[in-house]
Amino acid sequence: MESQPLPLAGITVVAVEQAVAAPFATRQLADLGARVIKVERIDGGDFARGYDSAAGGLASHFVWCNRGKESIALDLKDPRGVAVVRRLIAGADVFVQNLAHGAAARLGLDAATLCAAHPRLVAVDISGYGPSGPYSGKRAYDMLVQCEAGLVSVTGTPGQPVKAGIPAADIAAAMYAFSGVLAALVRRGVSGRGGPVEVSMLDALAEWMGHPLHHAMHGGTPPARTGLAHAVIAPHDAYPTADGGRVLLSVQNDREWRRLAEQVIGRPELGTDPDFATNAARVENRERTDALVGEALGGLGADEAVVLLERAGVACARLRDVQQLAEHPQLAARERWREVGSPVGPLRALLPPITLPGGGEAPMGDVPALGEHTEALLRAVGMADAEIAALRRDGVAA
């Protein structure tokens, strides 16, 4: 059977982007075959380039969010730089921006303005809190939005709220921007018209807060912070093992509890003991329940505990750190790792989660150096050598 083309092959995306939300969205588009042109500042580029140097001298955030893109460095404070962006947009299908509130509109690069000039263009505005309302101009970094959206209030231990260990607000906004672009492109295929797409980090993360939000709105109280435990299920926690590991298990019903009691704890009578026989009873007696499970697993190695739990039909997982994720046997067995090029040489990267059997593999192009494609892109929009030289001389392009 003939291999199908990548679904976004032939789609061109121009992005004036920085940090995580917009770059992660456009990287998804690149992974599906789109050509993504990344417009960066001439003085250091996307500021995520400077977050750290952990990836062989490059910033880990930047490597994660920006493979497979072309980088052009322009000064958008100079009208000539903005003119170049407009020329790039004229040949594009999608434009994405996550500049500070009001900045895109001042440059004439907001979605409404661009879609009026280019009816087939899909133009995405990603913001922290949306284009209107009392928070519209408020700075919106990921951790701040996690706080405003209530995520921090339900994450952590009973005594200490904590932020998520990943930029959850950025990722939420990125994925809604990504799906919004796909939806708008489908609509364009029917109607012939593109149109604006608006995504805010707060809206996106508030949607992800659905369970605790509805629990609080309709039940009267927010769910308690319980660390790795579960507010309404027991046993559901990570338990230390004899070799220093930790194994998380989750008993979803009373049948599983009876199997756990008989085959792992070694006390089948606990399956009918009124203090433990039902989930409600185990939650009421959580400390005693946890002590029983902890004692049983504490005498086993982590691998031994997992084998025993799986044999008993109890859901379980190793509590892995990030380095152990990088060596995860399931990712290795499914050959999910590839290498991508970068200015510092090849770097390991995961295949994107969307797999389209029968089609080409995600291209996973190189991580670009700042301004690596500036000259080629300026030539592509029709600039002559003298014009390019003048832009470089005046610091408008780099």
# chains A, B, ... in the order shown; residues from 1 in each chain; ligands from 1
$ closest_atom_pairs --of "range 163-268 of chain A" --to "range 17-25 of chain A" --cutoff "7 Å" --atoms "only C-alpha atoms" --output "JSON lines"
{"residue": "A:Asp170", "atom": "CA", "partner": "A:Ala21", "partner_atom": "CA", "distance": 4.5}
{"residue": "A:Ile171", "atom": "CA", "partner": "A:Ala21", "partner_atom": "CA", "distance": 6.0}
{"residue": "A:Ala173", "atom": "CA", "partner": "A:Ala21", "partner_atom": "CA", "distance": 5.9}
{"residue": "A:Ala174", "atom": "CA", "partner": "A:Ala25", "partner_atom": "CA", "distance": 4.4}
{"residue": "A:Met175", "atom": "CA", "partner": "A:Ala25", "partner_atom": "CA", "distance": 6.0}
{"residue": "A:Ala177", "atom": "CA", "partner": "A:Ala25", "partner_atom": "CA", "distance": 6.1}
{"residue": "A:Phe178", "atom": "CA", "partner": "A:Ala25", "partner_atom": "CA", "distance": 5.0}
$ write_last_selection --atoms "all heavy atoms" --output "compact mmCIF listing (two decimals), in the first residue's frame"
# COMPACT_ATOMS: atom_id res chain seq x y z
N ASP A 170 1.41 26.53 30.06
CA ASP A 170 1.97 26.70 28.72
C ASP A 170 1.57 25.53 27.82
O ASP A 170 1.18 25.72 26.65
CB ASP A 170 3.50 26.76 28.79
CG ASP A 170 4.01 28.11 29.25
OD1 ASP A 170 3.42 29.14 28.89
OD2 ASP A 170 5.02 28.14 29.97
N ILE A 171 1.72 24.32 28.34
CA ILE A 171 1.42 23.14 27.53
C ILE A 171 -0.06 23.08 27.18
O ILE A 171 -0.44 22.77 26.04
CB ILE A 171 1.86 21.86 28.26
CG1 ILE A 171 3.38 21.84 28.44
CG2 ILE A 171 1.41 20.61 27.50
CD1 ILE A 171 3.89 20.74 29.34
N ALA A 173 -2.18 25.60 26.86
CA ALA A 173 -2.45 26.60 25.82
C ALA A 173 -1.90 26.14 24.48
O ALA A 173 -2.54 26.31 23.43
CB ALA A 173 -1.85 27.94 26.21
N ALA A 174 -0.71 25.55 24.49
CA ALA A 174 -0.10 25.09 23.25
C ALA A 174 -0.96 24.04 22.56
O ALA A 174 -1.17 24.08 21.34
CB ALA A 174 1.30 24.51 23.54
N MET A 175 -1.47 23.10 23.34
CA MET A 175 -2.23 22.02 22.72
C MET A 175 -3.59 22.50 22.22
O MET A 175 -4.10 21.98 21.20
CB MET A 175 -2.37 20.86 23.69
CG MET A 175 -1.03 20.23 24.09
SD MET A 175 0.07 19.88 22.67
CE MET A 175 -0.83 18.56 21.86
N ALA A 177 -4.03 25.58 21.09
CA ALA A 177 -3.68 26.33 19.88
C ALA A 177 -3.45 25.36 18.71
O ALA A 177 -3.90 25.61 17.58
CB ALA A 177 -2.44 27.17 20.13
N PHE A 178 -2.75 24.28 18.98
CA PHE A 178 -2.49 23.25 17.96
C PHE A 178 -3.81 22.69 17.42
O PHE A 178 -4.04 22.66 16.20
CB PHE A 178 -1.64 22.16 18.61
CG PHE A 178 -1.50 20.89 17.81
CD1 PHE A 178 -1.08 20.91 16.49
CD2 PHE A 178 -1.77 19.67 18.40
CE1 PHE A 178 -0.94 19.72 15.78
CE2 PHE A 178 -1.62 18.48 17.70
CZ PHE A 178 -1.21 18.51 16.39
$ residues_around --residues "Thr12 in chain A" --least-positions-apart "5" --cutoff "9 Å" --atoms "only C-alpha atoms" --output "ChimeraX atom specification"
/A:34-37,89,91-95
$ residues_around --residues "Gln160 in chain A" --least-positions-apart "4" --cutoff "12 Å" --atoms "only C-alpha atoms" --output "list in words"
Val152, Ser153, Val154, Thr155, Gly156, Ala224, Arg225, Thr226 and Gly227 of chain A
$ write_last_selection --atoms "C-alpha atoms" --output "compact mmCIF listing (two decimals), in the first residue's frame"
# COMPACT_ATOMS: atom_id res chain seq x y z
CA VAL A 152 -1.41 24.83 42.80
CA SER A 153 -4.21 24.65 45.36
CA VAL A 154 -4.93 21.00 44.56
CA THR A 155 -1.33 19.86 44.03
CA GLY A 156 0.99 18.87 46.83
CA ALA A 224 -8.07 17.81 49.43
CA ARG A 225 -4.37 17.82 48.56
CA THR A 226 -3.18 14.28 49.22
CA GLY A 227 0.30 14.02 47.72
$ residues_around --residues "Gly359 in chain A" --least-positions-apart "5" --cutoff "8 Å" --atoms "only C-alpha atoms" --output "VMD selection string"
chain A and resid 3 to 6
$ select_by_dssp --residues "range 143-321 of chain A" --states "helix (DSSP H, G or I)" --output "MDAnalysis selection string"
chainID A and resid 143:148 152:154 168:191 201:208 210:219 254:265 268:271 279:284 286:298 302:311
$ select_by_dssp --residues "range 193-352 of chain A" --states "strand (DSSP E)" --output "VMD selection string"
chain A and resid 195 to 200 236 to 240 246 to 250 315 to 318 337 to 340 347 to 350
$ atom_distance --atom1 "CA of Ala48 in chain A" --atom2 "CA of Ala332 in chain A"
29.1 Å
$ atom_distance --atom1 "CA of Val13 in chain A" --atom2 "CA of Thr26 in chain A"
7.8 Å
$ residues_around --residues "Glu375 in chain A" --least-positions-apart "3" --cutoff "8 Å" --atoms "only C-alpha atoms" --output "ChimeraX atom specification"
/A:72,372,378-379,388
$ closest_residue --among "A:Arg286, A:Arg187, A:Arg193, A:His101" --to "Leu121 in chain A" --atoms "only C-alpha atoms"
A:Arg193
